[in-house]
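Peer 1: Below is input01.txt; it holds compact mmCIF, C-alpha atoms.
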```
# COMPACT_ATOMS: atom_id res chain seq x y z
CA MET W 41 27.07 3.53 6.57
CA ASP W 42 28.93 5.29 9.39
CA LYS W 43 28.87 2.21 11.61
CA GLY W 44 30.46 -0.09 9.06
CA LEU W 45 27.68 -1.93 7.22
CA PRO W 46 28.72 -5.61 7.05
CA HIS W 47 27.04 -6.24 3.70
CA ASN W 48 26.56 -4.47 0.38
CA LEU W 49 23.14 -3.38 -0.85
CA HIS W 50 22.06 -4.37 -4.38
CA ILE W 51 18.87 -2.43 -5.07
CA PHE W 52 16.80 -3.40 -8.11
CA VAL W 53 14.35 -0.62 -8.98
CA ASN W 54 13.19 0.29 -12.48
CA SER W 55 13.40 4.04 -11.97
CA VAL W 56 16.42 6.31 -12.38
CA GLU W 57 14.38 9.09 -10.73
CA PHE W 58 13.96 6.95 -7.61
CA THR W 59 17.70 6.22 -7.59
CA THR W 60 18.66 9.89 -7.85
CA LYS W 61 16.23 10.77 -5.08
CA VAL W 62 17.77 8.18 -2.74
CA ILE W 63 21.29 9.38 -3.57
CA ASP W 64 20.27 12.95 -2.85
CA LEU W 65 18.31 12.27 0.36
CA ALA W 66 20.94 9.93 1.81
CA LYS W 67 23.80 12.22 0.69
CA LEU W 68 25.61 9.28 -0.89
CA THR W 69 28.99 9.98 -2.47
CA PRO W 70 30.13 8.63 -5.87
CA GLU W 71 32.58 6.36 -4.02
CA GLN W 72 29.68 4.68 -2.21
CA VAL W 73 27.36 4.16 -5.19
CA LYS W 74 27.25 2.20 -8.43
CA VAL W 75 24.34 2.81 -10.81
CA VAL W 76 23.62 0.48 -13.72
CA CYS W 77 20.88 1.59 -16.13
CA SER W 78 20.17 1.77 -19.84
CA VAL W 79 22.71 3.50 -22.11
CA SER W 80 21.04 2.64 -25.43
CA GLY W 81 19.93 5.43 -27.75
CA ASP W 82 18.72 8.59 -26.05
CA ASN W 83 18.31 6.72 -22.76
CA GLY W 84 22.00 6.99 -21.98
CA GLU W 85 22.09 10.79 -22.22
CA ASN W 86 18.79 11.22 -20.39
CA ASN W 87 19.78 8.90 -17.56
CA GLN W 88 23.21 10.46 -17.18
CA ARG W 89 21.63 13.91 -17.03
CA LYS W 90 19.30 12.75 -14.24
CA LEU W 91 22.20 11.26 -12.27
CA GLY W 92 24.58 14.14 -12.78
CA LYS W 93 28.14 14.02 -14.08
CA ASP W 94 29.58 12.87 -10.72
CA TYR W 95 27.71 9.55 -10.87
CA PRO W 96 28.73 7.80 -14.13
CA ILE W 97 26.57 4.95 -15.41
CA GLY W 98 28.31 1.67 -14.64
CA GLN W 99 28.31 -1.89 -15.94
CA PRO W 100 27.10 -4.99 -14.04
CA SER W 101 30.66 -6.34 -14.14
CA ASP W 102 32.17 -3.20 -12.53
CA PRO W 103 33.49 -3.63 -8.97
CA VAL W 104 30.66 -3.58 -6.44
CA LYS W 105 30.27 -0.66 -4.08
CA LYS W 106 28.47 -0.32 -0.77
CA ILE W 107 25.19 0.57 -2.50
CA ASN W 108 24.43 -0.62 -6.03
CA PHE W 109 21.37 0.34 -8.08
CA TYR W 110 20.07 -1.59 -11.11
CA THR W 111 17.18 -0.78 -13.45
CA SER W 112 15.36 -3.29 -15.69
CA THR W 113 18.38 -3.52 -17.98
CA CYS W 114 19.83 -5.94 -15.37
CA PHE W 115 16.69 -7.78 -14.33
CA GLU W 116 17.32 -10.75 -16.66
CA GLY W 117 20.41 -12.61 -17.86
CA CYS W 118 22.85 -10.54 -15.82
CA ASP W 119 25.29 -12.18 -13.38
CA ILE W 120 26.52 -10.20 -10.37
CA TYR W 121 29.17 -11.58 -8.02
CA ASP W 122 29.36 -10.37 -4.43
CA GLU W 123 29.64 -12.73 -1.47
CA ASN W 124 28.40 -9.99 0.87
CA GLY W 125 25.58 -8.75 -1.35
CA VAL W 126 21.97 -8.44 -0.17
CA THR W 127 19.19 -8.11 -2.77
CA PHE W 128 16.58 -5.39 -2.39
CA ILE W 129 13.65 -5.10 -4.80
CA VAL W 130 11.79 -1.78 -4.72
CA SER W 131 8.21 -1.42 -6.00
CA ASP W 132 6.76 2.07 -5.73
CA GLY W 133 2.96 1.97 -5.96
CA ASN W 134 2.98 5.43 -7.54
CA LYS W 135 5.22 4.28 -10.43
CA SER W 136 3.65 1.42 -12.40
CA HIS W 137 6.93 0.66 -14.21
CA THR W 138 8.48 -0.35 -10.88
CA LEU W 139 5.80 -2.99 -10.17
CA LEU W 140 6.98 -6.48 -11.11
CA ASP W 141 5.11 -9.67 -11.84
CA ILE W 142 6.08 -12.07 -9.07
CA SER W 143 6.20 -15.16 -11.28
CA THR W 144 8.52 -13.66 -13.92
CA LEU W 145 10.71 -10.59 -13.39
CA PHE W 146 10.65 -10.72 -9.60
CA THR W 147 11.89 -14.30 -9.70
CA GLN W 148 14.48 -13.43 -12.35
CA ILE W 149 15.94 -10.72 -10.11
CA CYS W 150 16.23 -13.16 -7.21
CA GLY W 151 18.84 -15.10 -9.17
CA ARG W 152 21.08 -12.20 -10.17
CA LEU W 153 23.47 -12.35 -7.18
CA ARG W 154 25.21 -15.61 -7.98
CA ASP W 155 27.54 -16.26 -5.04
CA SER W 156 26.10 -14.24 -2.16
CA LYS W 157 25.91 -15.84 1.26
CA TYR W 158 22.57 -13.99 1.61
CA LYS W 159 21.06 -15.13 -1.71
CA GLY W 160 18.27 -17.04 0.08
CA GLU W 161 16.84 -13.78 1.40
CA ILE W 162 15.25 -10.97 -0.60
CA ILE W 163 14.07 -7.71 0.95
CA HIS W 164 11.08 -6.32 -0.92
CA VAL W 165 10.39 -2.63 -0.26
CA TYR W 166 7.03 -1.58 -1.60
CA SER W 167 3.95 0.57 -1.28
CA THR W 168 0.47 -0.30 -2.49
CA THR W 169 -1.19 1.24 -5.52
CA LYS W 170 -3.92 3.86 -5.21
CA TYR W 171 -6.19 2.66 -7.99
CA SER W 172 -9.94 2.33 -7.65
CA ARG W 173 -11.00 -0.92 -6.01
CA ASP W 174 -14.34 -1.06 -7.83
CA VAL W 175 -13.32 -3.66 -10.44
CA THR W 176 -12.01 -7.06 -9.37
CA LEU W 177 -9.43 -9.08 -11.32
CA ASP W 178 -12.05 -11.69 -12.26
CA GLU W 179 -14.40 -8.98 -13.56
CA PHE W 180 -11.62 -7.40 -15.63
CA VAL W 181 -10.58 -10.76 -17.12
CA ALA W 182 -14.19 -11.56 -18.03
CA SER W 183 -14.67 -8.12 -19.61
CA THR W 184 -11.41 -8.38 -21.60
CA LYS W 185 -12.31 -11.85 -22.89
CA LYS W 186 -15.70 -10.52 -23.99
CA VAL W 187 -14.11 -7.61 -25.88
CA LEU W 188 -11.58 -10.00 -27.45
CA ALA W 189 -14.33 -12.41 -28.57
CA GLU W 190 -16.24 -9.51 -30.16
CA ALA W 191 -13.05 -8.40 -31.94
CA VAL W 192 -12.47 -11.91 -33.31
CA SER W 193 -16.07 -12.12 -34.54
CA TYR W 194 -15.85 -8.68 -36.19
CA ALA W 195 -12.55 -9.51 -37.91
CA ASP W 196 -13.90 -12.85 -39.16
CA GLU W 197 -16.92 -11.18 -40.75
CA ILE W 198 -14.80 -8.58 -42.55
CA ASN W 199 -12.17 -11.09 -43.65
CA LYS W 200 -14.84 -13.34 -45.21
CA LEU W 201 -15.58 -10.63 -47.80
CA SER W 202 -14.06 -10.97 -51.24
CA ASP W 203 -10.70 -9.29 -51.74
CA THR W 204 -12.30 -6.45 -53.74
CA ALA W 205 -15.15 -5.89 -51.30
CA ARG W 206 -12.79 -6.08 -48.33
CA GLU W 207 -10.37 -3.60 -49.88
CA LYS W 208 -13.21 -1.12 -50.56
CA THR W 209 -14.63 -1.56 -47.07
CA LEU W 210 -11.30 -1.11 -45.29
CA SER W 211 -10.32 1.89 -47.46
CA LYS W 212 -13.39 3.74 -46.18
CA ILE W 213 -12.48 3.14 -42.52
CA LYS W 214 -10.20 5.93 -41.35
CA TYR W 215 -9.23 4.02 -38.25
CA ILE W 216 -10.28 0.78 -36.58
CA ASN W 217 -12.30 1.56 -33.49
CA GLU W 218 -12.02 -2.00 -32.21
CA GLN W 219 -9.73 -2.95 -29.36
CA TYR W 220 -6.96 -5.41 -30.27
CA VAL W 221 -7.67 -5.15 -34.04
CA ARG W 222 -5.36 -3.75 -36.75
CA ILE W 223 -5.25 -3.73 -40.57
CA GLU W 224 -2.46 -5.73 -42.15
CA ASP W 225 -2.19 -6.80 -45.83
CA ASN W 226 -5.81 -5.83 -46.48
CA ARG W 227 -7.07 -8.05 -43.66
CA LEU W 228 -8.07 -7.51 -40.04
CA ILE W 229 -5.69 -9.05 -37.54
CA VAL W 230 -6.67 -9.60 -33.90
CA ASP W 231 -3.71 -9.27 -31.53
CA LYS W 232 -4.51 -11.58 -28.61
CA ASN W 233 -1.16 -10.70 -27.02
CA LEU W 234 -2.42 -7.16 -26.40
CA ALA W 235 -5.39 -8.55 -24.50
CA ASN W 236 -3.09 -10.77 -22.45
CA MET W 237 -0.84 -7.79 -21.72
CA ASP W 238 -3.84 -5.79 -20.52
CA ILE W 239 -4.77 -8.60 -18.15
CA VAL W 240 -1.19 -8.95 -16.85
CA ASN W 241 -0.84 -5.18 -16.33
CA PHE W 242 -4.18 -5.01 -14.55
CA LYS W 243 -3.22 -7.96 -12.37
CA ILE W 244 0.10 -6.37 -11.42
CA CYS W 245 -1.00 -2.76 -10.87
CA ARG W 246 -4.58 -3.12 -9.74
CA HIS W 247 -4.62 -6.50 -8.04
CA ILE W 248 -1.26 -7.80 -6.77
CA TYR W 249 0.05 -4.44 -5.53
CA ARG W 250 -3.34 -3.06 -4.55
CA THR W 251 -3.24 -4.51 -1.05
CA TYR W 252 -0.65 -5.97 1.28
CA ILE W 253 -2.62 -9.20 1.52
CA ASN W 254 -2.76 -9.68 -2.26
CA LEU W 255 0.99 -9.21 -2.57
CA THR W 256 1.87 -11.59 0.25
CA ASP W 257 -0.55 -14.18 -1.17
CA GLU W 258 1.10 -13.89 -4.59
CA LEU W 259 4.58 -14.27 -3.12
CA LYS W 260 3.54 -17.38 -1.19
CA ARG W 261 1.85 -18.81 -4.29
CA ASN W 262 5.19 -18.55 -6.11
CA GLY W 263 7.13 -20.36 -3.42
CA TYR W 264 8.43 -17.48 -1.30
CA THR W 265 8.42 -17.59 2.49
CA ILE W 266 7.71 -14.25 4.17
CA THR W 267 9.82 -13.93 7.31
CA ARG W 268 9.14 -10.34 8.30
CA HIS W 269 6.58 -7.70 7.43
CA THR W 270 5.38 -4.39 8.78
CA PHE W 271 2.08 -3.86 7.05
CA SER W 272 -0.93 -3.12 9.19
CA GLU W 273 -3.65 -5.77 9.05
CA ILE W 274 -6.00 -3.33 10.82
CA MET W 275 -5.39 -0.67 8.14
CA GLU W 276 -5.86 -3.27 5.45
CA LYS W 277 -9.23 -4.13 6.94
CA ILE W 278 -10.60 -0.59 7.29
CA GLU W 279 -9.25 0.54 3.90
CA ASN W 280 -10.85 -2.31 1.99
CA LYS W 281 -14.23 -2.43 3.72
CA ALA W 282 -16.23 0.70 4.43
CA ASN W 283 -18.25 -1.09 7.10
CA ALA W 284 -15.41 -3.18 8.51
CA ARG W 285 -15.99 -4.33 12.09
CA VAL W 286 -12.94 -3.57 14.20
CA THR W 287 -12.85 -3.23 17.97
CA PHE W 288 -11.72 -0.09 19.74
CA LYS W 289 -8.99 -2.17 21.42
CA ASP W 290 -7.58 -3.32 18.07
CA LEU W 291 -7.65 0.21 16.67
CA PHE W 292 -6.05 1.74 19.75
CA ASP W 293 -3.32 -0.91 19.99
CA GLU W 294 -2.52 -0.47 16.29
CA TYR W 295 -2.41 3.33 16.69
CA HIS W 296 -0.05 2.88 19.64
CA ARG W 297 2.16 0.49 17.62
CA LEU W 298 2.38 2.88 14.68
CA LYS W 299 3.17 5.79 16.98
CA THR W 300 5.93 3.99 18.86
CA THR W 301 7.70 2.09 16.06
CA LYS W 302 9.52 3.05 12.88
CA PRO W 303 8.77 1.39 9.54
CA PHE W 304 11.14 -1.42 8.57
CA PHE W 305 12.09 -0.75 4.95
CA SER W 306 8.71 0.70 4.07
CA LEU W 307 7.54 3.35 1.64
CA GLU W 308 4.48 3.90 3.83
CA SER W 309 4.64 6.57 6.55
CA HIS W 310 3.44 5.48 9.98
CA GLU W 311 2.25 9.03 10.55
CA ASP W 312 0.09 8.83 7.44
CA LEU W 313 -1.47 5.60 8.69
CA CYS W 314 -2.11 7.18 12.11
CA ALA W 315 -3.77 10.14 10.40
CA GLN W 316 -6.10 7.77 8.53
CA ILE W 317 -7.16 6.15 11.80
CA ALA W 318 -7.62 9.55 13.46
CA VAL W 319 -9.90 10.80 10.68
CA LYS W 320 -12.10 7.71 10.70
CA TYR W 321 -11.97 7.04 14.46
CA PRO W 322 -11.25 10.37 16.22
CA LEU W 323 -11.81 8.88 19.70
CA VAL W 324 -8.70 6.72 19.24
CA LYS W 325 -6.46 9.75 18.73
CA GLN W 326 -8.14 11.74 21.50
CA ALA W 327 -7.75 8.89 23.98
CA TYR W 328 -4.11 8.35 22.99
CA ASP W 329 -3.22 12.06 23.20
CA GLU W 330 -5.18 12.98 26.34
CA LEU W 331 -5.25 9.79 28.40
CA GLY W 332 -2.24 7.83 27.25
CA THR W 333 -1.85 4.09 26.70
CA ASP W 334 -1.55 3.10 30.37
CA LYS W 335 -4.80 4.85 31.32
CA VAL W 336 -6.73 3.42 28.36
CA GLN W 337 -5.52 -0.07 29.28
CA ALA W 338 -6.49 0.53 32.93
CA LEU W 339 -9.97 1.42 31.70
CA LYS W 340 -9.95 -1.93 29.83
CA TYR W 341 -10.52 -0.13 26.49
CA HIS W 342 -14.17 0.43 27.53
CA VAL W 343 -15.44 3.17 25.20
CA GLY W 344 -18.03 4.48 27.68
CA ASN W 345 -15.49 4.74 30.49
CA ILE W 346 -12.97 6.39 28.18
CA LYS W 347 -15.50 9.02 27.11
CA ARG W 348 -16.37 9.70 30.78
CA GLU W 349 -12.70 10.07 31.65
CA LEU W 350 -12.15 12.47 28.76
CA MET W 351 -15.19 14.51 29.81
CA LYS W 352 -13.89 14.77 33.38
CA ARG W 353 -10.74 16.39 32.05
CA GLN W 354 -12.56 18.95 29.94
CA PRO W 355 -12.12 22.59 31.07
CA ALA W 356 -15.90 23.11 31.28
CA PRO W 357 -18.44 23.93 34.04
CA THR W 358 -19.44 20.98 36.23
CA GLU W 359 -23.10 21.26 35.20
CA TYR W 360 -22.11 20.96 31.53
CA LYS W 361 -20.05 17.84 32.26
CA ILE W 362 -22.96 16.26 34.15
CA VAL W 363 -25.32 16.88 31.22
CA LYS W 364 -22.85 15.46 28.69
CA MET W 365 -22.23 12.36 30.82
CA VAL W 366 -25.94 11.83 31.41
CA ASN W 367 -26.47 12.11 27.66
CA THR W 368 -24.00 9.29 26.94
CA THR W 369 -25.04 7.11 29.90
CA PHE W 370 -28.83 6.96 29.71
CA THR W 371 -30.64 5.20 26.88
CA LYS W 372 -33.11 7.45 25.06
CA GLN W 373 -36.84 6.75 24.76
CA THR W 374 -36.56 3.83 27.16
CA PRO W 375 -38.07 3.50 30.66
CA ILE W 376 -35.41 3.47 33.40
CA THR W 377 -36.08 2.49 37.01
CA LYS W 378 -35.52 5.10 39.73
CA SER W 379 -32.92 2.91 41.37
CA LYS W 380 -30.88 2.74 38.17
CA VAL W 381 -31.21 6.48 37.61
CA LYS W 382 -29.83 7.14 41.09
CA ALA W 383 -27.03 4.57 40.69
CA GLU W 384 -25.83 5.94 37.33
CA LEU W 385 -26.13 9.53 38.48
CA GLN W 386 -24.19 8.74 41.64
CA ARG W 387 -21.45 7.22 39.51
CA ILE W 388 -21.27 10.42 37.49
CA TYR W 389 -21.06 12.50 40.66
CA ASP W 390 -18.32 10.27 42.00
CA ASP W 391 -16.37 10.41 38.72
CA LEU W 392 -16.52 14.20 38.79
CA GLY W 393 -15.60 14.36 42.48
CA ILE W 394 -18.95 15.86 43.50
CA LYS W 395 -19.62 15.22 47.19
CA GLN W 396 -23.36 14.79 46.86
CA THR W 397 -25.89 11.97 47.08
CA ALA W 398 -27.74 11.46 43.83
CA LYS W 399 -31.53 11.56 43.68
CA ALA W 400 -33.71 10.75 40.70
CA ALA W 401 -35.22 14.21 40.98
CA ASP W 402 -31.78 15.69 40.16
CA LEU W 403 -32.49 14.95 36.50
CA ASN W 404 -34.99 17.85 36.53
CA LYS W 405 -32.05 20.18 36.88
```
As structure tokens, please, write out the structure in this file.

Peer 2:
Amino acid sequence: MDKGLPHNLHIFVNSVEFTTKVIDLAKLTPEQVKVVCSVSGDNGENNQRKLGKDYPIGQPSDPVKKINFYTSTCFEGCDIYDENGVTFIVSDGNKSHTLLDISTLFTQICGRLRDSKYKGEIIHVYSTTKYSRDVTLDEFVASTKKVLAEAVSYADEINKLSDTAREKTLSKIKYINEQYVRIEDNRLIVDKNLANMDIVNFKICRHIYRTYINLTDELKRNGYTITRHTFSEIMEKIENKANARVTFKDLFDEYHRLKTTKPFFSLESHEDLCAQIAVKYPLVKQAYDELGTDKVQALKYHVGNIKRELMKRQPAPTEYKIVKMVNTTFTKQTPITKSKVKAELQRIYDDLGIKQTAKAADLNK
């Protein structure tokens, strides 16, 4: 803002709370911001109270400002004119009402800026959802269809009763404990739209926005080209698979990248991602903090050599270091030739700067 931003930001996010938080954190003035959100019924008073009296709720047709926020009231059928406008869509994984179906609302928003020279580019700022990954989309769809079929069968059986018998039966049921079924005009009605809504909501919250890969796949499937992204494929791998096979080199390079770069329009913290790696792979953090990237690269990312180098730097007695290095070097319960014992032990002595010729008998110490 201070350096003269060449374009105006049009941020579509279905959350007045998110908007007020951005205004507060960025210390945006009323002159810099336009906010368009619902004014119908109680929504108007509630939204204005959240924004504060200094930030009046605007209309889509009001003059554009440097930063413009729009909730779902503007997602469809609303024309905005700004030659210098750039569209941002924000999806916060912690707020399900900000997650948009790519094929419908997301695509609708992309057409709101009518005359912008940037209208071919959309910047999507998002974070993934934190839901359980135990149930797949296919499993949920199959389960929902089964429940729906059972509801249809149940309703058919009740509706086949005579009017008198059906009325008596339904009058004794305090409430219908069947998903997607309701009583209407003394008959059971199955609402298939509710089942479809459940599937759509599950797909959006627990599938599309569950992982970076799912979201990018969905965007591509709907004709979008992704030109820039900052998600971590390594993190995606280790988060989704408990026994994921990743090399130390890949983990270390990713840790280094996260430590030395800032997120590009991301709701994910690089520090949080680094912390996840450090918890699961503590050697990565230790090597980065104590040895540094150049040294790790010089050691060719060899885990054994890295551990030896870390041990050398420990403030511990030499004998202790020898024992620890012997423990990681020699294979247990396996015969080792004398010549190999002497060679490996000599290497340990050399690494520790011990001016002594190794003998196999030294192991007795």

Peer 1: Could you build a table of the residues in region 80-161 of chain W lying no more than 8 Å from region 239-256 of chain W, giving for each the nearest pair of atoms and their separation in Å rounded to one decimal place, using only C-alpha atoms, ordered by chain and ascending residue number, as a Markdown table?

Peer 2:
```
| residue | atom | partner | partner_atom | distance |
| --- | --- | --- | --- | --- |
| W:Gly133 | CA | W:Tyr249 | CA | 7.1 |
| W:Ser136 | CA | W:Cys245 | CA | 6.4 |
| W:Leu139 | CA | W:Ile244 | CA | 6.7 |
| W:Leu140 | CA | W:Ile244 | CA | 6.9 |
| W:Asp141 | CA | W:Ile244 | CA | 6.0 |
```

Peer 1: Go through W:Thr209, W:Ser55, W:Asn262, W:Gln72 and flag the residue nearest Lys90 (chain W), using all atoms listed in the file for the distances.

Peer 2: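 Among the listed residues, W:Ser55 lies closest to Lys90 (chain W).
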
Peer 1: How many Å lie between CA of Glu384 (chain W) and CA of Asn404 (chain W), rounded to one decimal?

Peer 2: 15.0 Å

Peer 1: Show which residues sit within 12 Å of Arg222 (chain W), as a PyMOL selection string. Count all atoms listed in the file, and ignore same-chain residues fewer than 6 positions away.

Peer 2: chain W and resi 191-192+194-195+210+213-216+228-232+234

Peer 1: To one decimal in Å, tell me the separation between CA of Ile51 (chain W) and CA of Phe128 (chain W).

Peer 2: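 That distance, rounded to one decimal, is 4.6 Å.
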
Peer 1: Give as a ChimeraX atom specification every residue, naming chains and numbers as the document does, that has an atom within 12 Å of (14.8, -4.3, -6.9), counting all atoms listed in the file.

Peer 2: /W:49-55,58-59,108-116,126-132,137-140,142,145-153,162-166

Peer 1: Go ahead and compute the interatomic distance for CA of Thr377 (chain W) and CA of Ala400 (chain W), in Å to one decimal.

Peer 2: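 The value is 9.4 Å.
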
Peer 1: Taking all atoms listed in the file into account, which of W:Ile278, W:Ile266, W:Ala66, W:Leu91 comes nearest Asp42 (chain W)?

Peer 2: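 Ranking W:Ile278, W:Ile266, W:Ala66, W:Leu91 by distance to Asp42 (chain W), first place goes to W:Ala66.
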
Peer 1: Within 10 Å of (-5.9, 3.8, 24.0) in the file's own coordinates, which protein, DNA or RNA residues have an atom, counting only C-alpha atoms? List them as a count of residues only.

Peer 2: 31

Peer 1: With distances taken over only C-alpha atoms, which of W:Ile388, W:Glu349, W:Glu161, W:Lys277 is nearest to Thr265 (chain W)?

Peer 2: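 Closest residue, counting only C-alpha atoms: W:Glu161.
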
Peer 1: Identify, on the basis of only C-alpha atoms, every residue whose closest approach to Asn87 (chain W) does not exceed 12 Å; exclude the query and any residue fewer than 5 positions from it along the same chain; express the result as a PyMOL selection string.

Peer 2: chain W and resi 54-60+75-82+92-93+95-98+111

Peer 1: Could those residues be written to a file, using C-alpha atoms, as an mmCIF file, keeping the file's coordinate frame?

Peer 2:
```cif
data_model
loop_
_atom_site.group_PDB
_atom_site.id
_atom_site.type_symbol
_atom_site.label_atom_id
_atom_site.label_comp_id
_atom_site.auth_asym_id
_atom_site.auth_seq_id
_atom_site.Cartn_x
_atom_site.Cartn_y
_atom_site.Cartn_z
ATOM 1 C CA ASN W 54 13.190 0.290 -12.480
ATOM 2 C CA SER W 55 13.400 4.040 -11.970
ATOM 3 C CA VAL W 56 16.420 6.310 -12.380
ATOM 4 C CA GLU W 57 14.380 9.090 -10.730
ATOM 5 C CA PHE W 58 13.960 6.950 -7.610
ATOM 6 C CA THR W 59 17.700 6.220 -7.590
ATOM 7 C CA THR W 60 18.660 9.890 -7.850
ATOM 8 C CA VAL W 75 24.340 2.810 -10.810
ATOM 9 C CA VAL W 76 23.620 0.480 -13.720
ATOM 10 C CA CYS W 77 20.880 1.590 -16.130
ATOM 11 C CA SER W 78 20.170 1.770 -19.840
ATOM 12 C CA VAL W 79 22.710 3.500 -22.110
ATOM 13 C CA SER W 80 21.040 2.640 -25.430
ATOM 14 C CA GLY W 81 19.930 5.430 -27.750
ATOM 15 C CA ASP W 82 18.720 8.590 -26.050
ATOM 16 C CA GLY W 92 24.580 14.140 -12.780
ATOM 17 C CA LYS W 93 28.140 14.020 -14.080
ATOM 18 C CA TYR W 95 27.710 9.550 -10.870
ATOM 19 C CA PRO W 96 28.730 7.800 -14.130
ATOM 20 C CA ILE W 97 26.570 4.950 -15.410
ATOM 21 C CA GLY W 98 28.310 1.670 -14.640
ATOM 22 C CA THR W 111 17.180 -0.780 -13.450
#
```

Peer 1: Give me the residues within 8 Å of Lys352 (chain W) as a compact mmCIF listing (two decimals) with C-alpha atoms, in the frame of the given file, counting all atoms listed in the file and dropping any in the same chain fewer than 6 places off.

Peer 2:
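In the end it all went to around_21.txt:
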```txt
# COMPACT_ATOMS: atom_id res chain seq x y z
CA LYS W 361 -20.05 17.84 32.26
CA ASP W 391 -16.37 10.41 38.72
CA LEU W 392 -16.52 14.20 38.79
```

Peer 1: Skip Lys399 (chain W) itself and residues of its chain fewer than 6 positions away, then list as a list in words all residues within 8 Å of it, counting only C-alpha atoms.

Peer 2: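 Once the nearby chain positions are removed, what remains is Val381, Lys382 and Leu385 of chain W.
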
Peer 1: For the selection you just gave me, I'd like the residues written to a file as a PDB file, in the frame of the given file, keeping C-alpha atoms.

Peer 2:
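Output saved as selection27.pdb:
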```pdb
ATOM      1  CA  VAL W 381     -31.210   6.480  37.610  1.00  0.00           C
ATOM      2  CA  LYS W 382     -29.830   7.140  41.090  1.00  0.00           C
ATOM      3  CA  LEU W 385     -26.130   9.530  38.480  1.00  0.00           C
TER       4      LEU W 385
END
```

Peer 1: For Lys159 (chain W), which of W:Tyr121, W:Tyr321, W:Tyr389, W:Tyr360 is the closest residue, counting only C-alpha atoms?

Peer 2: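 Smallest separation from Lys159 (chain W) among the options: W:Tyr121.
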
Peer 1: Give the answer as one residue: which of W:Cys118, W:Ala383, W:Ile198, W:Ala318 has the shortest atom-to-atom distance to Thr369 (chain W), using all atoms listed in the file?

Peer 2: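 For Thr369 (chain W), the nearest of the given residues is W:Ala383.
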
Peer 1: Quick one: 4 Å padding each side, axis-aligned, all listed atoms of region 390-399 of chain W - centre and edge lengths in Å to one decimal, as AutoDock Vina command-line options?

Peer 2:
```
--center_x -23.6 --center_y 13.1 --center_z 43.0 --size_x 23.9 --size_y 13.6 --size_z 16.5
```

Peer 1: Would you kindly return, as a PDB file with C-alpha atoms, in the coordinates of the input, each protein, DNA or RNA residue with an atom no farther than 9 Å from any atom of Asn124 (chain W), considering all atoms listed in the file and excluding same-chain residues fewer than 5 positions away?

Peer 2:
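Produced file part.pdb, reproduced below:
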```
ATOM      1  CA  PRO W  46      28.720  -5.610   7.050  1.00  0.00           C
ATOM      2  CA  HIS W  47      27.040  -6.240   3.700  1.00  0.00           C
ATOM      3  CA  ASN W  48      26.560  -4.470   0.380  1.00  0.00           C
ATOM      4  CA  LEU W  49      23.140  -3.380  -0.850  1.00  0.00           C
ATOM      5  CA  ASP W 155      27.540 -16.260  -5.040  1.00  0.00           C
ATOM      6  CA  SER W 156      26.100 -14.240  -2.160  1.00  0.00           C
ATOM      7  CA  LYS W 157      25.910 -15.840   1.260  1.00  0.00           C
ATOM      8  CA  TYR W 158      22.570 -13.990   1.610  1.00  0.00           C
TER       9      TYR W 158
END
```
